[in-house]
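Asker: Got a structure for you, questions after.
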Amino acid sequence: MSKHRHARKRPGRLRKALTTLSLSAALSAGRAWARVAPYARRLRWEYPRPAREGWRRWVLSWRQLLALGLFALAALTAVVGVAYATTDIPRDLNSFATQQDNVYYWADGAEMARTGQVNRQEMPLSKVPVPVQDAVVAAENESFWTDSGVSLKGISRAVLGMGDAGGGSTITQQYVKNAYLNQEQTVSRKVTEIFIAMKLDDRMTKKEILQAYLNTSWLGRGGYGFQAGAQAYYGKDVTELDVSQAAFLAALLKGAGLYDPAVSKANHARAVERWSWILDRMVDTGKLTAKQRAKYTKFPEPQDPPKIEGLEGQTGYLVETAKAYITAHTGIGDAEFALGGYQVHTTFEKPKVTALAKAANKALAKADAAAKAKKSSADSHLRAGAASVATDGRIVALYGGRDYLKQGFNDANSSIVPAGTSFTPFVYAAALTDGIQKVRGERRTAVTPSTTYDGNDDLQVTTPEGLYWGRDGKIATGHNDNGRDWGTITLRQALAQSVNTPFIQLGMDVGLDKVAATATASGLLDESLGARVPAFSLGNSTPSPIRMADAYATLAAGGVKTEPYSVTRVTKHGGTAFAQQAAQQRAISSSVASDVTDALQASVSYGAGHTAPKGLAAKPGTTEDRTAGWFAGYGTTGTKVSTAVAVFRVDPAKQELLPLRKAVMTDYPAQIWTDYVKAVS
């Protein structure tokens, strides 16, 4: 449509010239009459007629009638000529003729959501099967390929009430009405439609007109164009339609409200009759043989009207995540994307999204009930963010909040919640990879899962240079949950039991920069990492649940990291605008990843993660200030999917984190994680 969208408007001086020409012609006609007047009597053109008496003087002669007719014909021709010359092809198409929606699909190909004001998807004519084109031409405008944009035969047929034989308007006229004019049934609009159609037929090729018509026609079920129609009625692209299905969609052009079989039995009967008639017409026009026509005896029943979801619940968070990925990774700009017409195929698996939402909403409802029963604010304003990421980077599920329409902020992608001790596996991985240095200048010492550390509470933190003094002028100390002393403990056991003090010291011995490097290599973003102080090893970083799940997925993948992604491909006009090519890279060695997984399995077997189903690898995480609780882990066999859940409270006025009750911090994340994993396993 780009070839005619910006058709130049005829200059105003042309209208002035035409007006001047008309006046000049009138004056010339007057002078000519003055010259021929003396001969009028001889030709018996005088009026009233002097040779007649009474009423006969007022009756026109045949010569006068002929002259009057010729004059009227000339005047009409002049009026039509001026009207045609002064009728321009509008500069802009109707808004719905250019605006399209963007369609988002679940991982299994089912439609997830649409965004945009108009449900329309463009498709180049080259991608539209010839039988679809033939069915439309046979049904709407048999002479389309040879007419001049209008059909006198068709107009006559419409005037005589014979519209069933093909209608009064050509395809070009119908496109003009769809794209440039309104749907009013007035003489002036019809005349304008005819003039524009004739001009458009000169300016555009027939293929361009047919393509534009197929992309702007209303087919019901909320959609414009045959691509949207094919999806709405048959759940497939227009490229996949057969002759029988094409004939049905062509029937809808006569009025989708009267021919959609799902509306009523009467509609169904009309649709079957029209479908059969169009197939017969395709035989008459030579597009089908009688033998081919004989194959289509059963009406191609369309599917029930699709239940298109809005952005409520989790859908809005999914659409937002996919849209953000497109902006950041595909080269499709926001302005271009806003014009619509894209099909976005996502990685989200509906059963997993549903299960995760059910698990999270159940826990949050429990908190709401507790807050109401105790008449306390301790459990109020509780929020949760969660994500599931496969080892190949696919984000298969996320939970962004209770309802996108009520809370637009996506907590699955939030970077305000401290990771707490769910971060310690990366401290462990860094130690196993790089070893430790207790004294500056000495060689680094290798670390194994059996390496022991002091697990007692109130442990003074040291550096290779000596004690670590905080900015408050005091020696930094580490503390365990409930102030428990664990004595000398192996690093494997410390990770399994979620003992803090060995890891706060281990991080200092490894070097916090090396710990940070391991964390970012695994999947966490550098900008989310916290200050390089002893608390760094206990999770002062604020990764999103999506990023935490991806980092754990690196462990599940044996140390191979893939960037998380939510879009597999984007198509437009039947072509591919973007195709995912997820790159993988080695983040940590397979042996280190195996050791970390072993410790996380021990956490589930007998340690801090014992509430999770046995056989999995998982770990809880809490923060020292009790502002967040986490649970993260993954499967160790089959399709390995990593899931991270964060629970926290936010002051709605100040948007600051609020402290949690201990039970909420420890129990709720584990319960959400466990309920979800059980539901999808």
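Residues are referred to by chain and number: the chain letter is A, B, ... according to the order shown in the structure tokens, the number counts from 1 in that chain, and ligands are numbered separately from 1 in the order shown.
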Identify, on the basis of only C-alpha atoms, every residue whose closest approach to A:Asn480 does not exceed 6 Å; exclude the query and any residue fewer than 4 positions from it along the same chain; express the result as a ChimeraX atom specification.

Answerer: /A:457,484,500

Asker: Residues of stretch 189-287 of chain A classed as helix (DSSP H, G or I) by DSSP on the backbone are to be reported as an MDAnalysis selection string.

Answerer: chainID A and resid 189:203 206:216 226:234 238:240 243:254 256:259 265:284

Asker: Would you work out the distance separating atom CA of A:Thr347 from atom CA of A:Val396, expressed in Å to one decimal?

Answerer: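 Distance between the two atoms: 5.5 Å.
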
Asker: Need the shell around A:Leu253: protein/DNA/RNA residues with any atom at most 9 Å away, counting only C-alpha atoms. Skip same-chain ones fewer than 4 positions apart. Format as a PyMOL selection string?

Answerer: chain A and resi 136+139-140+217-219+249+259

Asker: Since we have the selection now, will you write its residues out, keeping N, CA, C and O atoms, as a PDB file, in the first residue's frame?

Answerer:
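Below you can see part-v6.pdb, which holds the result:
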ATOM      1  N   VAL A 136     -12.113 -15.294  -3.921  1.00  0.00           N
ATOM      2  CA  VAL A 136     -12.544 -13.917  -3.672  1.00  0.00           C
ATOM      3  C   VAL A 136     -13.001 -13.253  -4.963  1.00  0.00           C
ATOM      4  O   VAL A 136     -14.057 -12.612  -5.015  1.00  0.00           O
ATOM      5  N   ALA A 139     -16.313 -14.683  -6.161  1.00  0.00           N
ATOM      6  CA  ALA A 139     -17.440 -14.291  -5.314  1.00  0.00           C
ATOM      7  C   ALA A 139     -17.787 -12.824  -5.442  1.00  0.00           C
ATOM      8  O   ALA A 139     -18.961 -12.442  -5.385  1.00  0.00           O
ATOM      9  N   GLU A 140     -16.780 -11.978  -5.610  1.00  0.00           N
ATOM     10  CA  GLU A 140     -17.016 -10.543  -5.493  1.00  0.00           C
ATOM     11  C   GLU A 140     -16.922  -9.756  -6.800  1.00  0.00           C
ATOM     12  O   GLU A 140     -17.540  -8.710  -6.932  1.00  0.00           O
ATOM     13  N   SER A 217     -10.254  -6.148   4.492  1.00  0.00           N
ATOM     14  CA  SER A 217     -11.660  -6.555   4.529  1.00  0.00           C
ATOM     15  C   SER A 217     -12.053  -7.087   5.906  1.00  0.00           C
ATOM     16  O   SER A 217     -11.289  -7.806   6.557  1.00  0.00           O
ATOM     17  N   TRP A 218     -13.257  -6.733   6.315  1.00  0.00           N
ATOM     18  CA  TRP A 218     -13.786  -7.182   7.606  1.00  0.00           C
ATOM     19  C   TRP A 218     -14.315  -8.597   7.469  1.00  0.00           C
ATOM     20  O   TRP A 218     -15.171  -8.886   6.638  1.00  0.00           O
ATOM     21  N   LEU A 219     -13.811  -9.515   8.291  1.00  0.00           N
ATOM     22  CA  LEU A 219     -14.240 -10.911   8.249  1.00  0.00           C
ATOM     23  C   LEU A 219     -14.874 -11.366   9.549  1.00  0.00           C
ATOM     24  O   LEU A 219     -15.101 -12.563   9.755  1.00  0.00           O
ATOM     25  N   LEU A 249     -14.262 -18.332   3.687  1.00  0.00           N
ATOM     26  CA  LEU A 249     -13.818 -16.992   4.076  1.00  0.00           C
ATOM     27  C   LEU A 249     -14.282 -15.950   3.060  1.00  0.00           C
ATOM     28  O   LEU A 249     -14.627 -14.820   3.428  1.00  0.00           O
ATOM     29  N   TYR A 259     -22.935 -14.462   8.152  1.00  0.00           N
ATOM     30  CA  TYR A 259     -22.391 -15.714   7.624  1.00  0.00           C
ATOM     31  C   TYR A 259     -21.444 -16.445   8.576  1.00  0.00           C
ATOM     32  O   TYR A 259     -20.910 -17.488   8.206  1.00  0.00           O
TER      33      TYR A 259
END

Asker: What's around A:Trp277 at 12 Å? Count only C-alpha atoms, leave out sequence neighbours fewer than 5 positions away in its own chain, and write the answer as a PyMOL selection string.

Answerer: chain A and resi 135+138-140+164-166+244+247-248+250-251+270-272+282-284+293+296-297+299

Asker: Can those selected residues be exported to a file as a short mmCIF file (atom, residue, chain, number, x, y, z; two decimals), in the first residue's frame so that it contains all heavy atoms?

Answerer:
data_model
loop_
_atom_site.label_atom_id
_atom_site.label_comp_id
_atom_site.auth_asym_id
_atom_site.auth_seq_id
_atom_site.Cartn_x
_atom_site.Cartn_y
_atom_site.Cartn_z
N ALA A 135 -11.12 -17.56 -5.22
CA ALA A 135 -12.42 -17.61 -4.54
C ALA A 135 -12.97 -16.21 -4.32
O ALA A 135 -14.17 -15.96 -4.51
CB ALA A 135 -12.28 -18.35 -3.21
N ALA A 138 -14.03 -14.71 -7.74
CA ALA A 138 -15.25 -15.36 -8.22
C ALA A 138 -16.48 -14.90 -7.44
O ALA A 138 -17.56 -14.72 -8.01
CB ALA A 138 -15.11 -16.88 -8.10
N ALA A 139 -16.31 -14.68 -6.16
CA ALA A 139 -17.44 -14.29 -5.31
C ALA A 139 -17.79 -12.82 -5.44
O ALA A 139 -18.96 -12.44 -5.38
CB ALA A 139 -17.12 -14.62 -3.85
N GLU A 140 -16.78 -11.98 -5.61
CA GLU A 140 -17.02 -10.54 -5.49
C GLU A 140 -16.92 -9.76 -6.80
O GLU A 140 -17.54 -8.71 -6.93
CB GLU A 140 -16.01 -9.95 -4.48
CG GLU A 140 -16.19 -10.47 -3.07
CD GLU A 140 -17.53 -10.07 -2.48
OE1 GLU A 140 -17.87 -8.87 -2.53
OE2 GLU A 140 -18.23 -10.96 -1.97
N ASP A 164 -26.83 -10.98 -5.37
CA ASP A 164 -26.31 -12.31 -5.07
C ASP A 164 -25.42 -12.84 -6.18
O ASP A 164 -24.62 -13.73 -5.99
CB ASP A 164 -27.46 -13.29 -4.84
CG ASP A 164 -28.09 -13.11 -3.47
OD1 ASP A 164 -27.44 -12.47 -2.63
OD2 ASP A 164 -29.21 -13.61 -3.26
N ALA A 165 -25.57 -12.29 -7.34
CA ALA A 165 -24.75 -12.77 -8.46
C ALA A 165 -23.37 -12.16 -8.47
O ALA A 165 -22.58 -12.43 -9.33
CB ALA A 165 -25.46 -12.47 -9.78
N GLY A 166 -23.07 -11.35 -7.50
CA GLY A 166 -21.72 -10.83 -7.44
C GLY A 166 -21.63 -9.45 -6.85
O GLY A 166 -20.55 -8.97 -6.58
N SER A 244 -11.68 -25.22 -0.13
CA SER A 244 -12.96 -25.20 0.57
C SER A 244 -12.99 -24.14 1.66
O SER A 244 -13.96 -23.38 1.80
CB SER A 244 -13.23 -26.59 1.17
OG SER A 244 -14.49 -26.63 1.80
N ALA A 247 -13.17 -20.69 0.16
CA ALA A 247 -14.52 -20.33 -0.30
C ALA A 247 -15.37 -19.85 0.87
O ALA A 247 -16.17 -18.91 0.72
CB ALA A 247 -15.17 -21.53 -0.97
N PHE A 248 -15.21 -20.46 2.03
CA PHE A 248 -15.98 -19.99 3.19
C PHE A 248 -15.57 -18.58 3.61
O PHE A 248 -16.42 -17.73 3.87
CB PHE A 248 -15.82 -20.94 4.38
CG PHE A 248 -16.31 -20.34 5.66
CD1 PHE A 248 -17.66 -20.10 5.87
CD2 PHE A 248 -15.42 -19.96 6.66
CE1 PHE A 248 -18.12 -19.51 7.04
CE2 PHE A 248 -15.85 -19.37 7.83
CZ PHE A 248 -17.22 -19.14 8.02
N ALA A 250 -14.30 -16.33 1.77
CA ALA A 250 -14.79 -15.40 0.76
C ALA A 250 -16.28 -15.12 0.98
O ALA A 250 -16.75 -14.01 0.70
CB ALA A 250 -14.56 -15.98 -0.63
N ALA A 251 -17.01 -16.09 1.49
CA ALA A 251 -18.43 -15.89 1.77
C ALA A 251 -18.64 -14.82 2.84
O ALA A 251 -19.63 -14.09 2.83
CB ALA A 251 -19.07 -17.21 2.22
N ARG A 270 -26.99 -20.02 5.83
CA ARG A 270 -26.56 -19.05 4.83
C ARG A 270 -25.12 -19.28 4.41
O ARG A 270 -24.77 -19.18 3.23
CB ARG A 270 -26.72 -17.63 5.37
CG ARG A 270 -28.14 -17.07 5.28
CD ARG A 270 -28.15 -15.58 5.60
NE ARG A 270 -27.87 -15.33 6.99
CZ ARG A 270 -28.80 -15.18 7.93
NH1 ARG A 270 -30.08 -15.28 7.61
NH2 ARG A 270 -28.47 -14.93 9.18
N ALA A 271 -24.27 -19.60 5.39
CA ALA A 271 -22.86 -19.81 5.10
C ALA A 271 -22.66 -21.01 4.19
O ALA A 271 -21.87 -20.96 3.24
CB ALA A 271 -22.08 -20.00 6.40
N VAL A 272 -23.39 -22.10 4.46
CA VAL A 272 -23.26 -23.30 3.64
C VAL A 272 -23.72 -23.02 2.21
O VAL A 272 -23.07 -23.41 1.23
CB VAL A 272 -24.08 -24.46 4.24
CG1 VAL A 272 -24.10 -25.66 3.29
CG2 VAL A 272 -23.49 -24.88 5.59
N MET A 282 -16.50 -20.70 -9.01
CA MET A 282 -15.11 -20.96 -9.39
C MET A 282 -15.04 -21.91 -10.57
O MET A 282 -14.10 -21.84 -11.38
CB MET A 282 -14.33 -21.51 -8.19
CG MET A 282 -14.15 -20.51 -7.06
SD MET A 282 -13.23 -21.15 -5.65
CE MET A 282 -11.56 -21.21 -6.34
N VAL A 283 -16.03 -22.80 -10.70
CA VAL A 283 -16.11 -23.66 -11.89
C VAL A 283 -16.48 -22.81 -13.09
O VAL A 283 -15.89 -22.93 -14.17
CB VAL A 283 -17.14 -24.78 -11.66
CG1 VAL A 283 -17.30 -25.60 -12.95
CG2 VAL A 283 -16.69 -25.69 -10.53
N ASP A 284 -17.48 -21.92 -12.91
CA ASP A 284 -17.93 -21.07 -14.02
C ASP A 284 -16.81 -20.17 -14.54
O ASP A 284 -16.75 -19.88 -15.73
CB ASP A 284 -19.10 -20.20 -13.56
CG ASP A 284 -20.34 -21.02 -13.21
OD1 ASP A 284 -20.42 -22.18 -13.66
OD2 ASP A 284 -21.21 -20.50 -12.48
N ARG A 293 -14.34 -29.68 -8.25
CA ARG A 293 -15.47 -29.18 -7.44
C ARG A 293 -16.18 -30.33 -6.73
O ARG A 293 -16.64 -30.18 -5.58
CB ARG A 293 -16.45 -28.42 -8.35
CG ARG A 293 -17.80 -28.09 -7.72
CD ARG A 293 -17.63 -27.12 -6.58
NE ARG A 293 -18.90 -26.77 -5.96
CZ ARG A 293 -19.45 -27.39 -4.93
NH1 ARG A 293 -18.84 -28.47 -4.43
NH2 ARG A 293 -20.58 -26.99 -4.42
N TYR A 296 -15.50 -31.31 -3.00
CA TYR A 296 -15.88 -30.48 -1.86
C TYR A 296 -17.39 -30.54 -1.64
O TYR A 296 -18.16 -29.71 -2.14
CB TYR A 296 -15.41 -29.04 -2.08
CG TYR A 296 -13.94 -28.95 -2.34
CD1 TYR A 296 -13.45 -28.58 -3.59
CD2 TYR A 296 -13.01 -29.25 -1.34
CE1 TYR A 296 -12.09 -28.51 -3.85
CE2 TYR A 296 -11.64 -29.19 -1.59
CZ TYR A 296 -11.20 -28.82 -2.84
OH TYR A 296 -9.85 -28.77 -3.09
N THR A 297 -17.78 -31.54 -0.92
CA THR A 297 -19.20 -31.73 -0.62
C THR A 297 -19.53 -31.47 0.85
O THR A 297 -20.68 -31.28 1.20
CB THR A 297 -19.62 -33.16 -0.97
OG1 THR A 297 -18.81 -34.09 -0.21
CG2 THR A 297 -19.44 -33.43 -2.46
N PHE A 299 -19.14 -29.13 4.15
CA PHE A 299 -18.84 -27.77 4.57
C PHE A 299 -17.67 -27.76 5.56
O PHE A 299 -17.68 -28.53 6.53
CB PHE A 299 -20.07 -27.14 5.21
CG PHE A 299 -19.87 -25.73 5.70
CD1 PHE A 299 -19.62 -24.70 4.80
CD2 PHE A 299 -19.93 -25.43 7.05
CE1 PHE A 299 -19.44 -23.40 5.24
CE2 PHE A 299 -19.75 -24.13 7.50
CZ PHE A 299 -19.51 -23.12 6.59
#

Asker: If you measure from atom CA of A:Ile588 to atom CA of A:Ala516, what distance in Å do you get, rounded to one decimal?

Answerer: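 Atom CA of A:Ile588 sits 12.9 Å away from atom CA of A:Ala516.
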
Asker: Go through A:Tyr468, A:Ala256, A:Gln292, A:Thr520 one by one, measure the shortest atom-to-atom distance of each to A:Gly220 using only C-alpha atoms, and give the residue with the smallest value.

Answerer: A:Ala256

Asker: Measuring atom to atom with only C-alpha atoms, identify which of A:Asp472, A:Asp454, A:Glu527, A:Asp201 is nearest to A:Thr501.

Answerer: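 Nearest to A:Thr501: A:Asp454.
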
Asker: Might you pull out every residue within 9 Å of A:Gln493, with only C-alpha atoms counted and same-chain residues fewer than 4 positions away left off, and present them as number ranges by chain?

Answerer: A: 449-450, 489, 497-499, 599, 602-603, 607

Asker: Which residues are close to A:Thr597, i.e. within 7 Å by only C-alpha atoms, leaving aside same-chain residues fewer than 3 positions away? Reply as a PyMOL selection string.

Answerer: chain A and resi 555+593-594+600-601+617

Asker: Per DSSP on the backbone, what are the strand (DSSP E or B) residues of stretch 348-517 of chain A, as number ranges by chain?

Answerer: A: 382-390, 394-399, 436, 445, 452-454, 459-460, 462-463, 466-467, 469, 475, 477-478, 488-490

Asker: Any chance you can output those residues with N, CA and C atoms as a CSV table (one decimal), in the first residue's frame?

Answerer:
chain,number,residue,atom,x,y,z
A,382,LEU,N,2.2,-8.1,51.1
A,382,LEU,CA,3.1,-9.2,50.7
A,382,LEU,C,3.1,-9.4,49.2
A,383,ARG,N,4.3,-9.5,48.6
A,383,ARG,CA,4.4,-9.7,47.2
A,383,ARG,C,5.3,-10.8,46.9
A,384,ALA,N,5.2,-11.3,45.7
A,384,ALA,CA,6.1,-12.5,45.3
A,384,ALA,C,6.4,-12.3,43.8
A,385,GLY,N,7.7,-12.7,43.5
A,385,GLY,CA,8.1,-12.7,42.1
A,385,GLY,C,8.8,-14.1,41.9
A,386,ALA,N,8.5,-14.7,40.7
A,386,ALA,CA,9.1,-16.0,40.5
A,386,ALA,C,9.3,-16.2,39.0
A,387,ALA,N,10.2,-17.1,38.7
A,387,ALA,CA,10.5,-17.4,37.3
A,387,ALA,C,11.0,-18.8,37.1
A,388,SER,N,10.7,-19.5,36.0
A,388,SER,CA,11.3,-20.8,35.7
A,388,SER,C,12.0,-20.7,34.4
A,389,VAL,N,13.3,-21.1,34.4
A,389,VAL,CA,14.1,-21.0,33.2
A,389,VAL,C,14.8,-22.4,32.9
A,390,ALA,N,14.6,-22.8,31.7
A,390,ALA,CA,15.2,-24.1,31.3
A,390,ALA,C,16.7,-23.9,31.1
A,394,ARG,N,15.4,-20.8,27.9
A,394,ARG,CA,13.9,-20.5,27.7
A,394,ARG,C,13.3,-20.1,29.1
A,395,ILE,N,12.6,-19.0,29.1
A,395,ILE,CA,11.8,-18.6,30.3
A,395,ILE,C,10.5,-19.3,30.1
A,396,VAL,N,10.2,-20.4,30.8
A,396,VAL,CA,9.0,-21.1,30.5
A,396,VAL,C,7.8,-20.7,31.4
A,397,ALA,N,8.1,-19.9,32.4
A,397,ALA,CA,7.0,-19.4,33.3
A,397,ALA,C,7.6,-18.3,34.1
A,398,LEU,N,6.7,-17.4,34.5
A,398,LEU,CA,7.0,-16.4,35.5
A,398,LEU,C,5.8,-15.9,36.2
A,399,TYR,N,6.0,-15.4,37.4
A,399,TYR,CA,4.9,-14.8,38.2
A,399,TYR,C,5.3,-13.4,38.5
A,436,ILE,N,41.7,-20.3,47.4
A,436,ILE,CA,41.6,-19.2,48.4
A,436,ILE,C,43.1,-18.8,48.7
A,445,THR,N,45.4,-21.6,47.6
A,445,THR,CA,45.2,-23.0,48.1
A,445,THR,C,43.9,-23.5,47.5
A,452,THR,N,37.3,-27.6,55.4
A,452,THR,CA,36.5,-27.2,56.6
A,452,THR,C,36.7,-25.7,56.9
A,453,TYR,N,35.7,-25.1,57.5
A,453,TYR,CA,35.7,-23.7,58.0
A,453,TYR,C,35.0,-23.7,59.4
A,454,ASP,N,35.2,-22.6,60.0
A,454,ASP,CA,34.6,-22.3,61.3
A,454,ASP,C,33.2,-22.0,61.1
A,459,LEU,N,31.4,-14.8,64.2
A,459,LEU,CA,32.8,-15.0,63.7
A,459,LEU,C,33.4,-13.7,63.2
A,460,GLN,N,34.6,-13.4,63.7
A,460,GLN,CA,35.3,-12.2,63.2
A,460,GLN,C,35.8,-12.4,61.7
A,462,THR,N,38.1,-11.9,58.5
A,462,THR,CA,39.5,-11.5,58.2
A,462,THR,C,39.7,-11.3,56.7
A,463,THR,N,40.8,-10.6,56.4
A,463,THR,CA,41.2,-10.5,55.0
A,463,THR,C,42.6,-11.0,55.0
A,466,GLY,N,44.6,-9.2,57.4
A,466,GLY,CA,44.2,-9.2,58.9
A,466,GLY,C,42.7,-9.0,59.0
A,467,LEU,N,42.3,-8.5,60.2
A,467,LEU,CA,40.9,-8.3,60.5
A,467,LEU,C,40.3,-7.3,59.6
A,469,TRP,N,37.9,-4.3,59.2
A,469,TRP,CA,37.3,-3.2,60.0
A,469,TRP,C,36.2,-2.5,59.1
A,475,ILE,N,35.1,-4.2,64.1
A,475,ILE,CA,35.5,-5.4,63.4
A,475,ILE,C,34.2,-6.1,62.9
A,477,THR,N,31.7,-8.9,61.8
A,477,THR,CA,31.4,-10.3,62.3
A,477,THR,C,30.3,-10.9,61.5
A,478,GLY,N,30.3,-12.2,61.4
A,478,GLY,CA,29.3,-12.9,60.7
A,478,GLY,C,28.4,-13.6,61.7
A,488,THR,N,33.4,-26.7,63.6
A,488,THR,CA,34.1,-26.9,62.3
A,488,THR,C,33.2,-27.7,61.4
A,489,ILE,N,33.0,-27.2,60.2
A,489,ILE,CA,32.1,-27.8,59.3
A,489,ILE,C,32.6,-27.8,57.8
A,490,THR,N,32.3,-28.8,57.1
A,490,THR,CA,32.8,-28.8,55.7
A,490,THR,C,32.0,-27.8,54.8

Asker: For atom CA of A:Pro261 and atom CA of A:Glu301, determine how far apart the two atoms are, in Å to one decimal place.

Answerer: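 Pair atom CA of A:Pro261 / atom CA of A:Glu301 returns 8.0 Å.
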
Asker: Identify, on the basis of only C-alpha atoms, every residue whose closest approach to stretch 334-343 of chain A does not exceed 10 Å; exclude the query and any residue fewer than 2 positions from it along the same chain; express the result as a PyMOL selection string.

Answerer: chain A and resi 98-105+111+114-123+323-324+326-328+331-332+345-346+569-577

Asker: Those residues with C-alpha atoms, as a PDB file, in the first residue's frame please?

Answerer:
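Final output, saved to selection-v8.pdb:
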ATOM      1  CA  THR A  98      -2.962   0.975   8.356  1.00  0.00           C
ATOM      2  CA  GLN A  99      -2.991   0.042  12.035  1.00  0.00           C
ATOM      3  CA  GLN A 100      -2.450  -3.590  12.915  1.00  0.00           C
ATOM      4  CA  ASP A 101      -2.230  -5.491  16.143  1.00  0.00           C
ATOM      5  CA  ASN A 102       0.650  -7.585  17.453  1.00  0.00           C
ATOM      6  CA  VAL A 103      -0.181 -11.159  18.350  1.00  0.00           C
ATOM      7  CA  TYR A 104       1.601 -13.122  21.060  1.00  0.00           C
ATOM      8  CA  TYR A 105       1.635 -16.923  21.133  1.00  0.00           C
ATOM      9  CA  GLU A 111      -2.742 -17.533  20.860  1.00  0.00           C
ATOM     10  CA  ARG A 114      -3.141  -9.301  21.229  1.00  0.00           C
ATOM     11  CA  THR A 115      -2.019  -5.745  21.683  1.00  0.00           C
ATOM     12  CA  GLY A 116      -3.196  -2.823  19.600  1.00  0.00           C
ATOM     13  CA  GLN A 117      -6.532  -1.263  18.747  1.00  0.00           C
ATOM     14  CA  VAL A 118      -7.179  -3.228  15.567  1.00  0.00           C
ATOM     15  CA  ASN A 119      -7.026  -6.969  14.939  1.00  0.00           C
ATOM     16  CA  ARG A 120      -5.424  -7.020  11.511  1.00  0.00           C
ATOM     17  CA  GLN A 121      -2.429  -8.849  10.138  1.00  0.00           C
ATOM     18  CA  GLU A 122      -1.020  -8.004   6.703  1.00  0.00           C
ATOM     19  CA  MET A 123       0.065 -10.722   4.303  1.00  0.00           C
ATOM     20  CA  LYS A 323       8.092  -6.895  24.348  1.00  0.00           C
ATOM     21  CA  ALA A 324      11.126  -5.802  26.401  1.00  0.00           C
ATOM     22  CA  ILE A 326      12.167  -7.632  21.377  1.00  0.00           C
ATOM     23  CA  THR A 327      13.226  -4.049  22.013  1.00  0.00           C
ATOM     24  CA  ALA A 328      16.571  -5.088  23.481  1.00  0.00           C
ATOM     25  CA  GLY A 331      16.603  -4.596  16.199  1.00  0.00           C
ATOM     26  CA  ILE A 332      12.870  -3.879  15.894  1.00  0.00           C
ATOM     27  CA  HIS A 345       6.227 -16.568  19.414  1.00  0.00           C
ATOM     28  CA  THR A 346       7.191 -16.830  23.072  1.00  0.00           C
ATOM     29  CA  ARG A 569      10.902 -15.875  16.734  1.00  0.00           C
ATOM     30  CA  VAL A 570       9.048 -12.855  15.382  1.00  0.00           C
ATOM     31  CA  THR A 571       7.302 -12.888  12.020  1.00  0.00           C
ATOM     32  CA  LYS A 572       5.619 -10.253   9.862  1.00  0.00           C
ATOM     33  CA  HIS A 573       4.013 -10.372   6.420  1.00  0.00           C
ATOM     34  CA  GLY A 574       4.661 -14.099   6.344  1.00  0.00           C
ATOM     35  CA  GLY A 575       8.412 -13.629   6.728  1.00  0.00           C
ATOM     36  CA  THR A 576      10.768 -13.973   9.666  1.00  0.00           C
ATOM     37  CA  ALA A 577      11.753 -10.691  11.307  1.00  0.00           C
TER      38      ALA A 577
END
